[in-house]
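Colleague: First, the structure itself, so that you have it in front of you.
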Amino acid sequence: MTAMSALSTNMRQNRGLYGAVILLSIIYLIYNILHPRGFSSAVLIQNANESVAIVFVAMAQTIPVLLGGLDLSVGAVMTLAACIASVLVNGSPLQIVFGMVVTLAAGTAFGLCNGLIVVYGRIQPIIATLATGAIAIGLALFIRPKPGGDIDGDLNWALTNSLWDFVETYGLFDPDAPWFAPVAWIPVPLLIILVFGVCVWLPFRRTVLGRTIYAIGSAEGAAFMSGLPINRAKVAAFTLGGFFASCGGLYLAIQTASGNADITQAGAYTLNSIAAVVLGGTSLLGGMGGAIGSLIGALILRVISFYFRILSIDPLLQPLVEGIVLLAAVSLGAFRVLRVKNRLELFR
Amino acid sequence: MQSALLHLRSEDKPVLVSAGFIVVILVLGTIYTLYTQGTAPLFSPNYLLQQLQTGAFLGIVAAGMMMVILLGHIDLSIPWTLTAAAMMATAVGGDLALPTGIAVGIAVGLVNGIGVAYLRIPSMIFTLGVDSVMRGLMVWHTGGFAPQDQATPLMRFLAAEKLFGVPVAIFVWAAVSVVIVLLLSRTAFGRSIYATGNREAAAYLSGIRTRWVIVGAFVASGVCAATAGILLAGYSTKAYQGMGNAYLLPAIAAVVIGGTRILGGQGRYIGTLVGVTLIVLLNSVLSIMQMPEAGRQVIYGSVIVGMLLVYGRDTRSLSG
Amino acid sequence: MAPVIGATTPLSFGPGASPNMSDQPFLQLTGISKHFAGARALENVDFACKRGSIHAVLGENGAGKSTLIKIIAGVLEPDSGAMFLEGQQVRFSNPAEANSAGVVCIFQELSLVPDLTVADNISLAAPPLKFGMIDRRAQYRFAEAVLARIKCEDVDPNALVKDLSLSRRQMVEIAKAVGKSPKLLILDEATSALTRKDVETVYGLLEDLRQDNVASLFISHRMNEVERLCDTLSVFRNGRHVETFTKGTKTDREIVRLMIGREVDAHFPPKPQAERTAPHLQFNDLSWEGRLKGASLSVGKGEIVGLGGLDGQGQKELMLALFGVLRGVEGTVKVGEKTGAPLSPAAAKREPRRICLVPEDRKTEGLMLPMSISDNLLAASYSRVSVGPFIDPALESEAVDAAIAKLQIKLGSPQDAVATLSGGNQQKVVIAKWLMTDPDVILLNDPTRGIDVGTKQEIYRLMRELADEGRAILFYSTDYAELIGCCDRVAIMYDGSIVAELAGAAINEEAIIGASLNLHASGPEAVS
């Protein structure tokens with residue numbers, strides 16, 4: 001088992017993810033080249049700010065998709081979390097922390113409810129989450145009938161800029177210290193999504209529950225016969241999804257310093273999260289892919305939308321171009337069909 | 001006979017439960033109105049007909065959606081297909097208005113069908129992309145403004161006028177329903193839909209042209225969405241941006257509440273009819289109560305979850 | 001009930017009794033029953049199995065072996081009765097519980113997850129953990145060790161299971177079971193997909209396990225395997241435990257009689273005089289994707305041509321190719337006057353070809369299980385029961401009733417779901433569905449698998465009737481007796497092509513087996 005063959009096996013198995021990374025790198029590079037102020041810290045920070053929410057929502061969507069299902073409530077849970085945050089995340093530092101904890105707990109609890117309804121109510125995820133999404137947005141409307149709210153100013157500034165600003169806002173240490181300089185430019189939002197992706201998702205994926213989720217999506221019958229904890233894994237999947245969605249909502253509230261219970265926006269986030277998941281290499285049939293891929297997929301979607309700002313495309317064409325890009329991206333999977341020689345394999 | 005009764009029970013349970021729930025809604029609503037206003041509009045035929053008139057739009061969309069859900073697929077492109085058909089119909093105007101609108105529906109249905117049946121792209125994501133493209137096309141076409149083209153007299157007649165005291169829209173809905181029921185129960189196409197939705201491999205190996213069936217169902221869905229769009233434009237005398245957005249999720253909910261399995265293969269049209277009626281009446285009762293949007297959403301979602309829990313477990317379990 | 005040899009009867013120990021440990025069976029079942037909708041799978045079964053033995057479970061398809069195994073392995077729960085493990089009563093509500101008690105099963109339908117690696121699958125439910133996360137290195141090393149034990153060092157633990165061949169996958173399944181250090185190992189047709197070499201490895205493994213005082217339950221249809229490996233044999237029939245006996249105390253004939261309950265001979269309807277008719281279905285040099293390599297054969301009207309050979313030599317692909325399911329098929333196909341393979345099943349079933357296929361797996365390829373019997377029967381013949389664009393209910397029920405009568409399908413009502421029927425009746429529905437299309441060519445892919453003896457007889461008779469009506473029948477079977485008894489000619493497939501054609505008196509077990517193994521010498525050969 002040579003190192004080279006191990007590498008090539010790895011590459012083959014993670015084709016979708018590596019393809020997405022390459023695509024993202026290319027289009028972001030070109031974006032920066034075309035941008036009048038490309039490759040600057042300011043642009044990077046702004047891009048990162050605008051990406052966090054959709055990245056989290058995409059990561060949230062990934063986990064139920066890995067099961068072979070779908071969560072149509074992720075956008076709504078994100079919105080609910082944002083509205084809760086807009087009420088609570090202000091005041092004394094203790095209150096701020098409390099507010100953040102409650103926000104995340106609320107989203108996670110909602111995810112837990114989703115999981116319980118799907119598993120013990122034996123309702124298909126699509127329709128269960130369609131309904132719970134409506135409940136979530138309704139609750140969000142109760143909390144924030146009109147857009148508004150109050151987010152601690154320091155938090156807003158510190159989390160939407162670079163590490164330099166973060167350190168300076170909270171007076172942690174001298175931000176101009178030379179040892180800090182190499183990393184001072186990193187945008188905090190970028191760090192946040194990487195930290196959550198790497199420190200929450202990757203370890204989870206390596207637990208038995210994480211593996212069970214993949215097994216369920218790949219072959220649920222085999223997973224059951226092998227003695228894997230199917231019900232617990234399904235509940236965990238939706239719960240973790242709720243957690244990620246609430247992270248996205250918390251950030252959105254902090255970034256915009258307000259909560260907005262907008263049904264259309266919630267719907268758009270949900271649908272875009274599905275597109276991001278597909279772009280990132282996760283199969284809608286389940287069993288293959290991962291949240292890191294969806295993170296990349298979400299970034300790809302965002303960068304495409306950034307292009308419209310710098311290219312002078314008729315703004316009226318923007319939705320059409322976005323739509324065509326989306327359609328083309330999801331049609332990539334069609335190539336497999338052309339190679340199938342036994343038509344029975346097309347029917348799963 | 002006995003086994004026929006037993007057979008009846010499992011498939012008809014959702015229909016009976018939904019119908020029962022409609023009665024509950026009407027009763028609760030009437031209690032409310034009697035208490036606050038001293039009237040019982042919910043039981044007045046005029047009021048009910050008016051509600052059904054607006055319900056016709058949802059009903060037609062749900063009819064098309066049901067065909068696609070029976071296959072185990074879903075059509076997320078109906079919001080902008082509906083809108084596009086309306087905008088194109090009003091833009092063209094005159095005698096060609098209706099054919100143009102329907103043509104839009106057929107075209108979108110064909111694209112959806114080809115993507116799902118021939119390219120085997122999951123319907124959830126493909127129709128989503130198509131919806132996006134349709135939105136893009138319409139934004140481009142209208143310049144982002146509300147189009148000022150007027151609906152033709154025929155469109156207004158179909159949507160807003162009455163015939164023998166009954167809104168014409170309800171007749172249109174009834175006509176669509178008759179076509180759908182005939183298709184589903186009495187034609188090879190309809191039987192093939194159930195077979196393909198149940199197990200595509202077995203249907204294919206029985207010599208059913210499953211790909212054409214899928215394309216046909218998506219075309220039906222597109223045509224239904226287009227019809228609803230034309231009617232809606234007639235009702236509002238104009239087409240407008242985003243006019244289809246409010247119909248997608250309620251249409252799916254109506255189909256599912258009516259007992260059609262989201263995974264396909266099982267479901268009766270009468271269930272969809274009852275499901276649409278339930279949602280329309282629920283909405284109208286909530287309007288009477290002047291329930292804010294927040295409350296509506298929560299109740300809407302709770303009703304769906306509640307009813308699905310009542311229908312019982314998803315019968316396709318593992319060890320069966 | 002015949003006495004059960006080698007096991008203490010259940011009444012002899014209960015709580016408080018102190019049995020002689022060396023006589024105590026490891027596993028004991030008393031009064032186990034299990035019913036499915038309308039069908040009796042197991043009826044009041046008493047069964048016992050000792051440590052340090054390889055214990056065969058024999059019986060026809062439908063005798064209840066699979067259900068028995070699933071109950072022991074925790075996949076199903078019995079409706080009544082009790083199970084004892086080393087004297088303690090146990091009840092497994094899922095396979096995980098069975099595994100922790102040391103009962104491990106190797107299933108016929110593999111329990112592997114295709115999108116995970118071999119190493120992942122071997123330690124699937126209980127991997128080595130470090131800080132709560134799966135320790136990949138330890139898992140890899142464990143997989144390597146287990147694979148070495150079953151002599152499969154060539155399997156890469158980091159390979160995805162879905163990229164392995166069926167035979168390798170079966171070995172990984174075995175590795176997974178062995179890795180759990182079982183006290184009772186159950187093998188349900190575990191050798192059916194294996195290569196010759198792997199089969200020998202498994203035999204060696206089972207013998208090693210026997211030395212280690214592990215109990216093994218071995219289900220197989222291959223009598224030679226059973227005779228080679230097993231020291232104790234149990235026969236089941238119609239859901240009941242018939243008898244358990246030590247190897248060598250019964251002849252093959254007696255065993256078969258126990259299994260089917262009556263004499264072996266006279267199953268098959270008489271064959272007509274061999275008269276070579278003009279070929280109706282012909283194919284030459286059929287090739288596809290390395291699974292078919294230049295197969296050629298012809299079938300005449302009125303002929304039943306059997307297709308034999310070991311599993312997986314291309315028989316299934318051949319039928320799919322003739323039915324239009326495969327793309328990129330090379331070679332020529334001619335049906336009657338029409339040249340060219342059909343492009344789809346829809347094209348195959350139409351004029352002028354009128355080919356039909358009774359597929360391998362009736363549950364996923366032949367039937368729509370939740371739909372009614374009536375709907376399933378009509379699935380290929382809508383145009384025949386239609387007047388114009390509409391289906392005529394009168395024609396519909398007439399056709400359905402006729403089909404039910406002709407095949408004598410036992411059912412409650414045609415509106416019942418086809419899932420409620422027994423395996424044999426389900427298969428009859430599949431066949432009836434196709435007979436409604438009045439086919440000229442009938443392709444049968446192992447139609448009697450998993451079906452009770454009575455229905456098998458009916459199918460044999462039907463096949464002969466259909467042939468006599470002038471249809472051409474190609475009949476793939478994994479059962480030599482069927483090929484010998486039913487077919488006018490037998491074509492043996494090996495590695496994607498037809499290596500032998502036997503006719504008349506030349507159709508016998510030796511010739512079939514010889515050709516299946518692609519032996520060029522004729523004459524008796526030891527098979528195992």
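Numbering starts fresh at 1 for the residues of each chain in the structure tokens, the chains themselves are lettered A, B, ... in the order given, and ligands are numbered from 1 as they appear.
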Using only C-alpha atoms, select each residue of chain A with any atom at most 8 Å away from an atom of chain C, and give the selection as an mmCIF file with all heavy atoms, in the first residue's frame.
Modeller:
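Result file is iface.cif:
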data_model
loop_
_atom_site.group_PDB
_atom_site.id
_atom_site.type_symbol
_atom_site.label_atom_id
_atom_site.label_comp_id
_atom_site.auth_asym_id
_atom_site.auth_seq_id
_atom_site.Cartn_x
_atom_site.Cartn_y
_atom_site.Cartn_z
ATOM 1 N N MET A 1 0.866 -1.194 0.000
ATOM 2 C CA MET A 1 0.000 0.000 0.000
ATOM 3 C C MET A 1 0.891 1.228 0.000
ATOM 4 O O MET A 1 1.252 1.725 1.031
ATOM 5 C CB MET A 1 -0.824 -0.107 1.279
ATOM 6 C CG MET A 1 -2.093 0.612 1.416
ATOM 7 S SD MET A 1 -3.123 0.949 0.099
ATOM 8 C CE MET A 1 -3.277 2.653 0.385
ATOM 9 N N ALA A 6 -2.287 5.451 -1.988
ATOM 10 C CA ALA A 6 -3.210 5.958 -0.964
ATOM 11 C C ALA A 6 -3.703 7.325 -1.372
ATOM 12 O O ALA A 6 -4.888 7.646 -1.248
ATOM 13 C CB ALA A 6 -2.491 6.040 0.380
ATOM 14 N N THR A 9 -6.212 7.060 -4.231
ATOM 15 C CA THR A 9 -7.507 6.570 -3.755
ATOM 16 C C THR A 9 -8.263 7.702 -3.092
ATOM 17 O O THR A 9 -9.452 7.909 -3.324
ATOM 18 C CB THR A 9 -7.320 5.448 -2.712
ATOM 19 O OG1 THR A 9 -6.382 4.534 -3.202
ATOM 20 C CG2 THR A 9 -8.625 4.764 -2.418
ATOM 21 N N GLN A 13 -11.857 9.278 -4.232
ATOM 22 C CA GLN A 13 -13.034 9.201 -3.379
ATOM 23 C C GLN A 13 -13.583 10.581 -3.059
ATOM 24 O O GLN A 13 -14.760 10.713 -2.757
ATOM 25 C CB GLN A 13 -12.690 8.482 -2.074
ATOM 26 C CG GLN A 13 -12.453 7.012 -2.302
ATOM 27 C CD GLN A 13 -11.905 6.327 -1.059
ATOM 28 O OE1 GLN A 13 -11.854 6.920 0.001
ATOM 29 N NE2 GLN A 13 -11.487 5.098 -1.203
ATOM 30 N N PRO A 203 -14.510 16.502 13.734
ATOM 31 C CA PRO A 203 -14.545 15.514 14.808
ATOM 32 C C PRO A 203 -15.861 14.738 14.837
ATOM 33 O O PRO A 203 -15.864 13.541 15.075
ATOM 34 C CB PRO A 203 -14.392 16.356 16.084
ATOM 35 C CG PRO A 203 -13.762 17.606 15.639
ATOM 36 C CD PRO A 203 -14.242 17.853 14.249
ATOM 37 N N PHE A 204 -16.976 15.444 14.585
ATOM 38 C CA PHE A 204 -18.253 14.742 14.625
ATOM 39 C C PHE A 204 -18.297 13.643 13.578
ATOM 40 O O PHE A 204 -18.816 12.550 13.815
ATOM 41 C CB PHE A 204 -19.405 15.723 14.386
ATOM 42 C CG PHE A 204 -20.742 15.044 14.329
ATOM 43 C CD1 PHE A 204 -21.353 14.588 15.488
ATOM 44 C CD2 PHE A 204 -21.375 14.832 13.114
ATOM 45 C CE1 PHE A 204 -22.567 13.931 15.437
ATOM 46 C CE2 PHE A 204 -22.593 14.170 13.050
ATOM 47 C CZ PHE A 204 -23.189 13.725 14.220
ATOM 48 N N ARG A 206 -16.069 11.891 12.640
ATOM 49 C CA ARG A 206 -15.272 10.736 13.018
ATOM 50 C C ARG A 206 -15.847 9.972 14.204
ATOM 51 O O ARG A 206 -15.220 9.063 14.700
ATOM 52 C CB ARG A 206 -13.850 11.202 13.381
ATOM 53 C CG ARG A 206 -13.098 11.771 12.191
ATOM 54 C CD ARG A 206 -12.058 10.810 11.736
ATOM 55 N NE ARG A 206 -11.050 10.639 12.763
ATOM 56 C CZ ARG A 206 -9.836 11.137 12.717
ATOM 57 N NH1 ARG A 206 -9.478 11.835 11.671
ATOM 58 N NH2 ARG A 206 -8.994 10.929 13.681
ATOM 59 N N THR A 207 -16.987 10.391 14.690
ATOM 60 C CA THR A 207 -17.588 9.609 15.770
ATOM 61 C C THR A 207 -18.455 8.516 15.158
ATOM 62 O O THR A 207 -18.725 8.510 13.959
ATOM 63 C CB THR A 207 -18.493 10.481 16.655
ATOM 64 O OG1 THR A 207 -19.543 11.002 15.823
ATOM 65 C CG2 THR A 207 -17.721 11.605 17.294
ATOM 66 N N VAL A 208 -18.897 7.619 16.016
ATOM 67 C CA VAL A 208 -19.751 6.542 15.525
ATOM 68 C C VAL A 208 -21.057 7.114 14.995
ATOM 69 O O VAL A 208 -21.576 6.673 13.976
ATOM 70 C CB VAL A 208 -20.029 5.512 16.638
ATOM 71 C CG1 VAL A 208 -21.029 4.466 16.168
ATOM 72 C CG2 VAL A 208 -18.744 4.836 17.050
ATOM 73 N N TYR A 214 -23.593 8.656 7.621
ATOM 74 C CA TYR A 214 -23.174 8.280 6.268
ATOM 75 C C TYR A 214 -23.712 6.914 5.893
ATOM 76 O O TYR A 214 -24.172 6.694 4.773
ATOM 77 C CB TYR A 214 -21.647 8.252 6.168
ATOM 78 C CG TYR A 214 -21.026 9.600 5.972
ATOM 79 C CD1 TYR A 214 -20.691 10.402 7.062
ATOM 80 C CD2 TYR A 214 -20.789 10.086 4.698
ATOM 81 C CE1 TYR A 214 -20.137 11.646 6.880
ATOM 82 C CE2 TYR A 214 -20.218 11.330 4.505
ATOM 83 C CZ TYR A 214 -19.895 12.103 5.605
ATOM 84 O OH TYR A 214 -19.338 13.342 5.408
ATOM 85 N N ALA A 215 -23.685 6.004 6.844
ATOM 86 C CA ALA A 215 -24.158 4.646 6.549
ATOM 87 C C ALA A 215 -25.637 4.642 6.217
ATOM 88 O O ALA A 215 -26.083 3.933 5.316
ATOM 89 C CB ALA A 215 -23.871 3.736 7.747
ATOM 90 N N SER A 218 -26.149 5.769 2.775
ATOM 91 C CA SER A 218 -25.611 4.866 1.773
ATOM 92 C C SER A 218 -26.430 3.585 1.674
ATOM 93 O O SER A 218 -26.760 3.140 0.592
ATOM 94 C CB SER A 218 -24.159 4.546 2.139
ATOM 95 O OG SER A 218 -23.628 3.637 1.239
ATOM 96 N N ALA A 219 -26.749 2.992 2.812
ATOM 97 C CA ALA A 219 -27.499 1.738 2.805
ATOM 98 C C ALA A 219 -28.133 1.557 4.169
ATOM 99 O O ALA A 219 -27.552 0.919 5.050
ATOM 100 C CB ALA A 219 -26.557 0.564 2.500
ATOM 101 N N GLY A 221 -30.566 -0.207 5.271
ATOM 102 C CA GLY A 221 -30.808 -1.585 5.701
ATOM 103 C C GLY A 221 -29.547 -2.227 6.250
ATOM 104 O O GLY A 221 -29.568 -2.870 7.296
ATOM 105 N N ALA A 222 -28.452 -2.027 5.529
ATOM 106 C CA ALA A 222 -27.189 -2.597 5.992
ATOM 107 C C ALA A 222 -26.785 -1.983 7.325
ATOM 108 O O ALA A 222 -26.257 -2.661 8.212
ATOM 109 C CB ALA A 222 -26.097 -2.359 4.948
ATOM 110 N N ALA A 223 -27.028 -0.692 7.469
ATOM 111 C CA ALA A 223 -26.673 -0.015 8.716
ATOM 112 C C ALA A 223 -27.445 -0.625 9.880
ATOM 113 O O ALA A 223 -26.893 -0.869 10.957
ATOM 114 C CB ALA A 223 -26.961 1.476 8.595
ATOM 115 N N PHE A 224 -28.723 -0.886 9.658
ATOM 116 C CA PHE A 224 -29.533 -1.501 10.712
ATOM 117 C C PHE A 224 -29.030 -2.893 11.045
ATOM 118 O O PHE A 224 -28.846 -3.250 12.215
ATOM 119 C CB PHE A 224 -30.992 -1.563 10.267
ATOM 120 C CG PHE A 224 -31.867 -2.352 11.199
ATOM 121 C CD1 PHE A 224 -32.215 -1.853 12.431
ATOM 122 C CD2 PHE A 224 -32.321 -3.613 10.838
ATOM 123 C CE1 PHE A 224 -33.016 -2.585 13.304
ATOM 124 C CE2 PHE A 224 -33.116 -4.356 11.693
ATOM 125 C CZ PHE A 224 -33.469 -3.840 12.926
ATOM 126 N N MET A 225 -28.786 -3.691 10.004
ATOM 127 C CA MET A 225 -28.347 -5.060 10.244
ATOM 128 C C MET A 225 -26.990 -5.095 10.940
ATOM 129 O O MET A 225 -26.660 -6.054 11.610
ATOM 130 C CB MET A 225 -28.230 -5.807 8.915
ATOM 131 C CG MET A 225 -29.498 -5.827 8.160
ATOM 132 S SD MET A 225 -30.086 -7.486 7.907
ATOM 133 C CE MET A 225 -29.376 -7.801 6.332
ATOM 134 N N SER A 226 -26.217 -4.027 10.756
ATOM 135 C CA SER A 226 -24.903 -4.011 11.385
ATOM 136 C C SER A 226 -24.967 -3.500 12.804
ATOM 137 O O SER A 226 -23.946 -3.385 13.466
ATOM 138 C CB SER A 226 -23.953 -3.114 10.594
ATOM 139 O OG SER A 226 -23.916 -3.516 9.261
ATOM 140 N N GLY A 227 -26.137 -3.154 13.253
ATOM 141 C CA GLY A 227 -26.273 -2.752 14.643
ATOM 142 C C GLY A 227 -25.938 -1.297 14.919
ATOM 143 O O GLY A 227 -25.658 -0.925 16.050
ATOM 144 N N LEU A 228 -25.986 -0.446 13.893
ATOM 145 C CA LEU A 228 -25.679 0.959 14.141
ATOM 146 C C LEU A 228 -26.876 1.671 14.766
ATOM 147 O O LEU A 228 -28.012 1.309 14.508
ATOM 148 C CB LEU A 228 -25.307 1.650 12.824
ATOM 149 C CG LEU A 228 -23.939 1.263 12.261
ATOM 150 C CD1 LEU A 228 -23.780 1.843 10.874
ATOM 151 C CD2 LEU A 228 -22.836 1.756 13.164
ATOM 152 N N GLY A 287 -25.115 9.585 1.741
ATOM 153 C CA GLY A 287 -24.000 8.664 1.877
ATOM 154 C C GLY A 287 -22.662 9.189 1.431
ATOM 155 O O GLY A 287 -21.637 8.601 1.735
ATOM 156 N N MET A 288 -22.647 10.260 0.699
ATOM 157 C CA MET A 288 -21.371 10.766 0.191
ATOM 158 C C MET A 288 -21.292 12.265 0.328
ATOM 159 O O MET A 288 -22.270 12.959 0.045
ATOM 160 C CB MET A 288 -21.261 10.462 -1.305
ATOM 161 C CG MET A 288 -20.781 9.073 -1.600
ATOM 162 S SD MET A 288 -20.016 9.014 -3.208
ATOM 163 C CE MET A 288 -21.350 9.554 -4.254
ATOM 164 N N VAL A 340 -23.540 5.374 -18.181
ATOM 165 C CA VAL A 340 -24.152 4.164 -17.629
ATOM 166 C C VAL A 340 -24.573 3.231 -18.743
ATOM 167 O O VAL A 340 -25.247 3.635 -19.689
ATOM 168 C CB VAL A 340 -25.381 4.558 -16.768
ATOM 169 C CG1 VAL A 340 -26.254 3.363 -16.518
ATOM 170 C CG2 VAL A 340 -24.912 5.153 -15.458
ATOM 171 N N LYS A 341 -24.172 1.974 -18.643
ATOM 172 C CA LYS A 341 -24.460 1.026 -19.719
ATOM 173 C C LYS A 341 -25.620 0.104 -19.406
ATOM 174 O O LYS A 341 -26.183 -0.520 -20.285
ATOM 175 C CB LYS A 341 -23.200 0.175 -19.982
ATOM 176 C CG LYS A 341 -22.041 0.974 -20.516
ATOM 177 C CD LYS A 341 -22.319 1.438 -21.920
ATOM 178 C CE LYS A 341 -21.129 2.124 -22.527
ATOM 179 N NZ LYS A 341 -21.422 2.626 -23.869
ATOM 180 N N ASN A 342 -25.925 -0.023 -18.134
ATOM 181 C CA ASN A 342 -27.049 -0.857 -17.755
ATOM 182 C C ASN A 342 -28.107 0.067 -17.181
ATOM 183 O O ASN A 342 -27.953 0.598 -16.091
ATOM 184 C CB ASN A 342 -26.606 -1.891 -16.711
ATOM 185 C CG ASN A 342 -27.763 -2.769 -16.259
ATOM 186 O OD1 ASN A 342 -28.925 -2.508 -16.553
ATOM 187 N ND2 ASN A 342 -27.436 -3.820 -15.529
ATOM 188 N N ARG A 343 -29.192 0.239 -17.915
ATOM 189 C CA ARG A 343 -30.148 1.274 -17.527
ATOM 190 C C ARG A 343 -30.781 1.009 -16.172
ATOM 191 O O ARG A 343 -31.257 1.930 -15.525
ATOM 192 C CB ARG A 343 -31.230 1.413 -18.593
ATOM 193 C CG ARG A 343 -30.677 1.949 -19.889
ATOM 194 C CD ARG A 343 -31.748 2.469 -20.809
ATOM 195 N NE ARG A 343 -31.191 2.790 -22.100
ATOM 196 C CZ ARG A 343 -31.144 1.957 -23.125
ATOM 197 N NH1 ARG A 343 -31.624 0.747 -23.010
ATOM 198 N NH2 ARG A 343 -30.599 2.325 -24.262
ATOM 199 N N LEU A 344 -30.788 -0.244 -15.740
ATOM 200 C CA LEU A 344 -31.361 -0.535 -14.432
ATOM 201 C C LEU A 344 -30.615 0.194 -13.323
ATOM 202 O O LEU A 344 -31.174 0.465 -12.267
ATOM 203 C CB LEU A 344 -31.335 -2.041 -14.146
ATOM 204 C CG LEU A 344 -32.498 -2.845 -14.713
ATOM 205 C CD1 LEU A 344 -32.374 -4.289 -14.300
ATOM 206 C CD2 LEU A 344 -33.823 -2.284 -14.235
#
Colleague: Only residues of chain B matter here; which ones have an atom within 8 Å of chain C, counting only C-alpha atoms? Give them as a ChimeraX atom specification.
Modeller: /B:3-4,7,186-188,191-192,195,198-199,201-209,319
Colleague: How about saving the chosen residues, C-alpha atoms kept, as an mmCIF file, in the first residue's frame?
Modeller:
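And here is the file that came out, selection-v4.cif:
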data_model
loop_
_atom_site.group_PDB
_atom_site.id
_atom_site.type_symbol
_atom_site.label_atom_id
_atom_site.label_comp_id
_atom_site.auth_asym_id
_atom_site.auth_seq_id
_atom_site.Cartn_x
_atom_site.Cartn_y
_atom_site.Cartn_z
ATOM 1 C CA SER B 3 -61.458 -6.743 2.071
ATOM 2 C CA ALA B 4 -62.650 -3.867 -0.107
ATOM 3 C CA HIS B 7 -58.606 -1.612 1.515
ATOM 4 C CA ARG B 186 -58.685 5.687 -16.463
ATOM 5 C CA THR B 187 -55.716 6.050 -18.728
ATOM 6 C CA ALA B 188 -52.577 4.046 -19.242
ATOM 7 C CA ARG B 191 -51.629 3.936 -14.216
ATOM 8 C CA SER B 192 -48.073 4.272 -15.405
ATOM 9 C CA ALA B 195 -46.429 2.236 -11.259
ATOM 10 C CA ASN B 198 -44.060 2.940 -6.786
ATOM 11 C CA ARG B 199 -41.019 1.301 -8.268
ATOM 12 C CA ALA B 201 -37.324 -0.321 -12.061
ATOM 13 C CA ALA B 202 -40.292 -2.666 -12.106
ATOM 14 C CA ALA B 203 -42.338 -0.266 -14.220
ATOM 15 C CA TYR B 204 -39.486 0.050 -16.682
ATOM 16 C CA LEU B 205 -39.067 -3.707 -16.855
ATOM 17 C CA SER B 206 -42.784 -4.049 -17.527
ATOM 18 C CA GLY B 207 -42.270 -2.122 -20.709
ATOM 19 C CA ILE B 208 -43.639 1.167 -19.415
ATOM 20 C CA ARG B 209 -41.937 4.152 -20.988
ATOM 21 C CA SER B 319 -37.576 -4.882 8.196
#
Colleague: Write down, as number ranges by chain, each residue of chain B that has any atom within 8 Å of an atom of chain A, counting only C-alpha atoms.
Modeller: B: 119-122, 125-126, 128-137, 139-140, 143-144, 200-201, 249, 253, 256, 262, 293-302, 304-305, 308-309, 312-314, 318-319
Colleague: Could you pull out the helix (DSSP H, G or I) residues of segment 104-293 of chain B, going by DSSP on the backbone, and write them as an NGL selection string?
Modeller: :B and (104-118 or 123-142 or 153-160 or 168-186 or 188-198 or 200-205 or 210-236 or 245-257 or 269-288 or 293)
Colleague: Under the rule that only C-alpha atoms are counted, which of A:Ser305, A:Thr169, A:Asn231, A:Thr256 is the nearest residue to Gly149 of chain A?
Modeller: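 So, comparing all the options, the nearest one is A:Thr256.
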Colleague: Point out the residue among B:Leu282, B:Ile78, B:Ile252, B:Val310 with the least atom-to-atom distance to Met66 of chain B, counting only C-alpha atoms.
Modeller: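 Once distances to Met66 of chain B are computed over only C-alpha atoms, the minimum belongs to B:Ile252.
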Colleague: Kindly indicate which residue among A:Ala42, A:Cys247, A:Leu23, A:Val89 lies nearest to Ile193 of chain A, using only C-alpha atoms for the distances.
Modeller: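 Among the listed residues, A:Cys247 lies closest to Ile193 of chain A.
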Colleague: Take atom CA of Gly308 of chain C and atom CA of Val490 of chain C and report the distance between them in Å, one decimal.
Modeller: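 Interatomic distance here is 6.8 Å.
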Colleague: For a quick check of understanding, using only C-alpha atoms, which of A:Val200, A:Ile22, A:Ile292, A:Leu301 has the smallest distance to Tyr269 of chain A?
Modeller: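 Checking each candidate against Tyr269 of chain A, we get A:Leu301 as the closest.
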Colleague: Which polymer residues have any atom within 10 Å of an atom of segment 98-110 of chain B, counting only C-alpha atoms, with same-chain residues fewer than 5 positions away left out, as a VMD selection string?
Modeller: chain B and resid 75 77 to 78 80 to 93 115 to 116 127 130 to 131 134 152 154 to 155 214 to 231
Colleague: Any idea what's packed within 9 Å of Ile192 of chain A, counting only C-alpha atoms, ignoring anything in its chain fewer than 5 positions away? Could you give it as a PyMOL selection string?
Modeller: chain A and resi 52+159+187+197
Colleague: Between atom CA of Ser41 of chain A and atom CA of Trp179 of chain A, what is the distance, to one decimal in Å?
Modeller: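 So the answer is 18.7 Å.
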Colleague: Work out how far atom CA of Gln88 of chain C is from atom CA of Ser181 of chain C, in Å to one decimal.
Modeller: 20.0 Å
